[in-house]
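The next block holds one structure in the form of structure tokens; read it before the comments.
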Amino acid sequence: MKAFIARKKSQTTPLAIELRERTDSIDPQSTCPLFEKLPRELRKLIWHFALTRYEDLDNLYDLERRFARPGQAGPLRVAVQLLRTCRAIYIEAFLVPFQVNPLVIFDGDFRDFPPGDPLTRSPGEFRTCSNLKWWQFGNILSVELTLQQFNLEGGALERVARIAGTYGRNKGLEHRGYDTPGVAKFKDSEVEEPTNNTPSPLENPCISRKITHLSIRMSRTDWWGWESPPEYADRFPSEKLRLEPMINVTSLAAKPENSLAMTRGYEARKAGKEPDFELDDFEKPGRWGPMIEEYWYDLVTLDLVLETFACKQEQLDYVVECAKLWKFPLRNGYYLAWSGKEETVRWRGARSYAYEYSTRWFQEQNKARNIEGQGPTPIRWRPSRATDGNPEEAQLFVIRTLTFERMKDDDRSNIRA
């Protein structure tokens, strides 16, 4: 029974709370330059830098694995050993690994699911985060969602919001694990705010924090029609890259006009209007754009990270231009709008991938030596290995990122000025 109570207490109460109540157990490190000479604000920057996840480049993923890409060259690690150096560091930094690193969620093909990240979950594998204490999960501030377009347009933002517990976090409740479907559970907080004068970077670590940042990522194989050769886009609108937040499904045999929704939305927004796709009451709830207001109401920033084959970059560029005009309503008159920040990255991968099967255009039209001069120079994103082969024979990919920020109309006027 005592062991059970101890385990439950460790789930709900960080060791730091006990240490804070027994200040005589903490060496103030008065002779250590880190504490003697640097103010807390600079130490906080050090903790954030040191405890941000990094790629383990000593254990590179095989280049042919479809999840190997910039920022994901190897398993992601967090140097939590820093917290074991002394209690003074621990008491200041024990929440930082959860505050600076996102909860990573994959909602798509299991072959896009890289191993080795302790903060990773998927709707199909609910136990991936089981090693996290309840209070650790509750202090995560951001979510990184990689998903197929089919799932994005099929309610994924609602499902993932329930996994991340955005509602309970918004109400300031305590996290209490997961129910059977994998939905985060919460209860009203019973822990009072600390009243002593001990310096602390936290108010109450048991209270779940709001999710303030979301990254929506689609890889090159997540789009409708990703298998189609680039030239098909000119003849078949349904084979062209497209994305529109105010329509529920952009690939629907019964409504082929949905394939043109992104362009229709772009033209309407250029004219200063929000698009009207004449959706009925059954179709409207499935739109992923309004789901941000309904389930992700505390967002301050949203990153849209889109990847495709370099031979399809022209199609992706048009998607990005359309997306720059998107607005995601939030509550109390706020909304998310493009901040003016964007990034383009081109990178070399493997010569071939298992998803190609016998399709020839991937290697023929997406080869680096054939298209490399048509855009920015590819970045070096991993150490070279002898088994990587000739880089000129590698395929070339492009990632474009837009950042949306929380604002009101007055804020947007200042950005345009």
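Every chain in the structure tokens has a letter given in the order shown (A, B, ...), and although residue numbers restart at 1 in each chain, ligands are simply numbered from 1 in the order shown.
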> Which parts of segment 45-173 of chain A does DSSP call helix (DSSP H, G or I) when run on the backbone here, written out as a PyMOL selection string?
Replying inline: chain A and resi 45-50+80-84+87-93+96-100+110-112+134-138+149-152+156-164+166-170
>> Among segment 193-408 of chain A, which ones does DSSP assign to strand (DSSP E or B) (computed from the backbone)? Answer as number ranges by chain.
In response: A: 213-218, 301-309, 327-329, 335-348, 367, 379, 395-407
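Near Asp298 of chain A, within 9 Å and counting only C-alpha atoms, sit Thr166, Asn170, Lys210, Ile211, Thr212, His213, Leu330 and Arg331 of chain A, not including residues fewer than 6 positions from it in the same chain.
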Suppose we keep N, CA, C and O atoms; can you now write the selection as a tab-separated table (two decimals), in the first residue's frame?
```
chain	number	residue	atom	x	y	z
A	166	THR	N	-6.47	20.05	-24.30
A	166	THR	CA	-6.52	21.51	-24.38
A	166	THR	C	-7.63	22.09	-23.50
A	166	THR	O	-7.48	23.19	-22.96
A	170	ASN	N	-6.95	24.67	-20.45
A	170	ASN	CA	-7.54	26.01	-20.46
A	170	ASN	C	-8.22	26.33	-19.14
A	170	ASN	O	-8.21	27.49	-18.69
A	210	LYS	N	-1.52	25.85	-20.43
A	210	LYS	CA	-2.20	25.99	-21.71
A	210	LYS	C	-1.23	25.66	-22.86
A	210	LYS	O	-0.05	25.95	-22.79
A	211	ILE	N	-1.79	25.05	-23.90
A	211	ILE	CA	-1.02	24.83	-25.12
A	211	ILE	C	-1.04	26.13	-25.92
A	211	ILE	O	-2.09	26.56	-26.40
A	212	THR	N	0.12	26.76	-26.07
A	212	THR	CA	0.19	28.06	-26.73
A	212	THR	C	0.82	28.01	-28.12
A	212	THR	O	0.80	29.00	-28.83
A	213	HIS	N	1.38	26.85	-28.47
A	213	HIS	CA	1.97	26.73	-29.81
A	213	HIS	C	1.61	25.38	-30.42
A	213	HIS	O	1.65	24.35	-29.76
A	330	LEU	N	-10.16	33.09	-33.31
A	330	LEU	CA	-10.07	32.61	-31.94
A	330	LEU	C	-11.17	33.29	-31.13
A	330	LEU	O	-12.10	33.85	-31.71
A	331	ARG	N	-11.07	33.28	-29.85
A	331	ARG	CA	-12.10	33.89	-29.02
A	331	ARG	C	-11.78	35.35	-28.71
A	331	ARG	O	-10.65	35.79	-28.85
```
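All residues of protein, DNA or RNA that reach within 7 Å of Glu307 of chain A, judged by only C-alpha atoms and not counting those fewer than 6 positions away in the chain, are Met218, Ser219, Arg220, Val398, Ile399 and Arg400 of chain A.
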>> Using only C-alpha atoms for the distances, tell me which of A:Tyr295, A:Trp226, A:Phe397, A:Tyr334 is nearest to Ala156 of chain A.
In response: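 Once distances to Ala156 of chain A are computed over only C-alpha atoms, the minimum belongs to A:Tyr295.
Using only C-alpha atoms for every distance, the candidate list A:Thr359, A:Thr344, A:Ser142, A:Thr387 yields A:Thr359 as the residue closest to Glu227 of chain A.
Residue nearest Lys324 of chain A, chosen from A:Tyr167, A:Phe67, A:Phe404, A:Phe150 and counting only C-alpha atoms: A:Phe404.
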> So how far away is atom CA of Arg209 of chain A from atom CA of Met291 of chain A, in Å?
Replying inline: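 Here the two named atoms are 20.0 Å from each other.
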> Quick one, how far is atom CA of Leu152 of chain A from atom CA of Trp288 of chain A?
Replying inline: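 Atom-to-atom, atom CA of Leu152 of chain A to atom CA of Trp288 of chain A, that is 6.6 Å.
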> Which one is closest to Leu15 of chain A: A:Trp135, A:Trp47, A:Phe277, A:Tyr54? Count only C-alpha atoms.
Replying inline: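 With only C-alpha atoms as the atom set, the closest residue is A:Trp135.
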> For Glu321 of chain A, which residue out of A:Ser259, A:Ser238, A:Thr401, A:Asn248 is the nearest one, using only C-alpha atoms?
Replying inline: A:Thr401
List the neighbours of Lys341 of chain A out to 7 Å using only C-alpha atoms; skip same-chain residues closer than 2 positions along the sequence, and give me the result as a JSON list (two decimals) with all heavy atoms, in the first residue's frame.
```json
[["chain", "number", "residue", "atom", "x", "y", "z"],
["A", 339, "SER", "N", 2.20, 36.08, -39.91],
["A", 339, "SER", "CA", 2.98, 37.13, -39.26],
["A", 339, "SER", "C", 3.98, 37.80, -40.18],
["A", 339, "SER", "O", 4.62, 38.78, -39.80],
["A", 339, "SER", "CB", 3.75, 36.53, -38.07],
["A", 339, "SER", "OG", 4.72, 35.59, -38.55],
["A", 402, "LEU", "N", 5.33, 28.58, -42.73],
["A", 402, "LEU", "CA", 4.71, 29.87, -42.44],
["A", 402, "LEU", "C", 4.37, 29.92, -40.95],
["A", 402, "LEU", "O", 3.94, 28.91, -40.37],
["A", 402, "LEU", "CB", 3.42, 30.05, -43.24],
["A", 402, "LEU", "CG", 3.52, 30.22, -44.75],
["A", 402, "LEU", "CD1", 2.13, 30.42, -45.33],
["A", 402, "LEU", "CD2", 4.41, 31.38, -45.13],
["A", 403, "THR", "N", 4.56, 31.09, -40.34],
["A", 403, "THR", "CA", 4.21, 31.27, -38.93],
["A", 403, "THR", "C", 3.02, 32.21, -38.83],
["A", 403, "THR", "O", 3.02, 33.31, -39.38],
["A", 403, "THR", "CB", 5.39, 31.86, -38.14],
["A", 403, "THR", "OG1", 6.48, 30.93, -38.17],
["A", 403, "THR", "CG2", 5.00, 32.12, -36.69]]
```
> Using only C-alpha atoms, which residue out of A:Pro114, A:Pro383, A:Pro14, A:Gly340 lies closest to Arg66 of chain A?
Replying inline: A:Pro114
> Got a sec: who's within 9 Å of Gly74 of chain A, counting only C-alpha atoms, leaving out chain neighbours fewer than 4 positions off, as a ChimeraX atom specification?
Replying inline: /A:54-62,68-69,114,116,382
>> Give me, as an MDAnalysis selection string, all polymer residues having an atom no more than 7 Å from Ile26 of chain A, counting only C-alpha atoms and skipping those fewer than 3 positions away in the same chain.
In response: chainID A and resid 23 87:88
Any chance you can output those residues with N, CA and C atoms as a PDB file, in the first residue's frame?
```
ATOM      1  N   THR A  23      14.320  23.952   2.591  1.00  0.00           N
ATOM      2  CA  THR A  23      15.373  24.738   1.947  1.00  0.00           C
ATOM      3  C   THR A  23      16.762  24.409   2.484  1.00  0.00           C
ATOM      4  N   ARG A  87      20.975  19.884  -6.638  1.00  0.00           N
ATOM      5  CA  ARG A  87      19.594  20.259  -6.349  1.00  0.00           C
ATOM      6  C   ARG A  87      19.301  21.699  -6.726  1.00  0.00           C
ATOM      7  N   ALA A  88      20.300  22.559  -6.658  1.00  0.00           N
ATOM      8  CA  ALA A  88      20.079  23.967  -7.003  1.00  0.00           C
ATOM      9  C   ALA A  88      19.677  24.104  -8.469  1.00  0.00           C
TER      10      ALA A  88
END
```
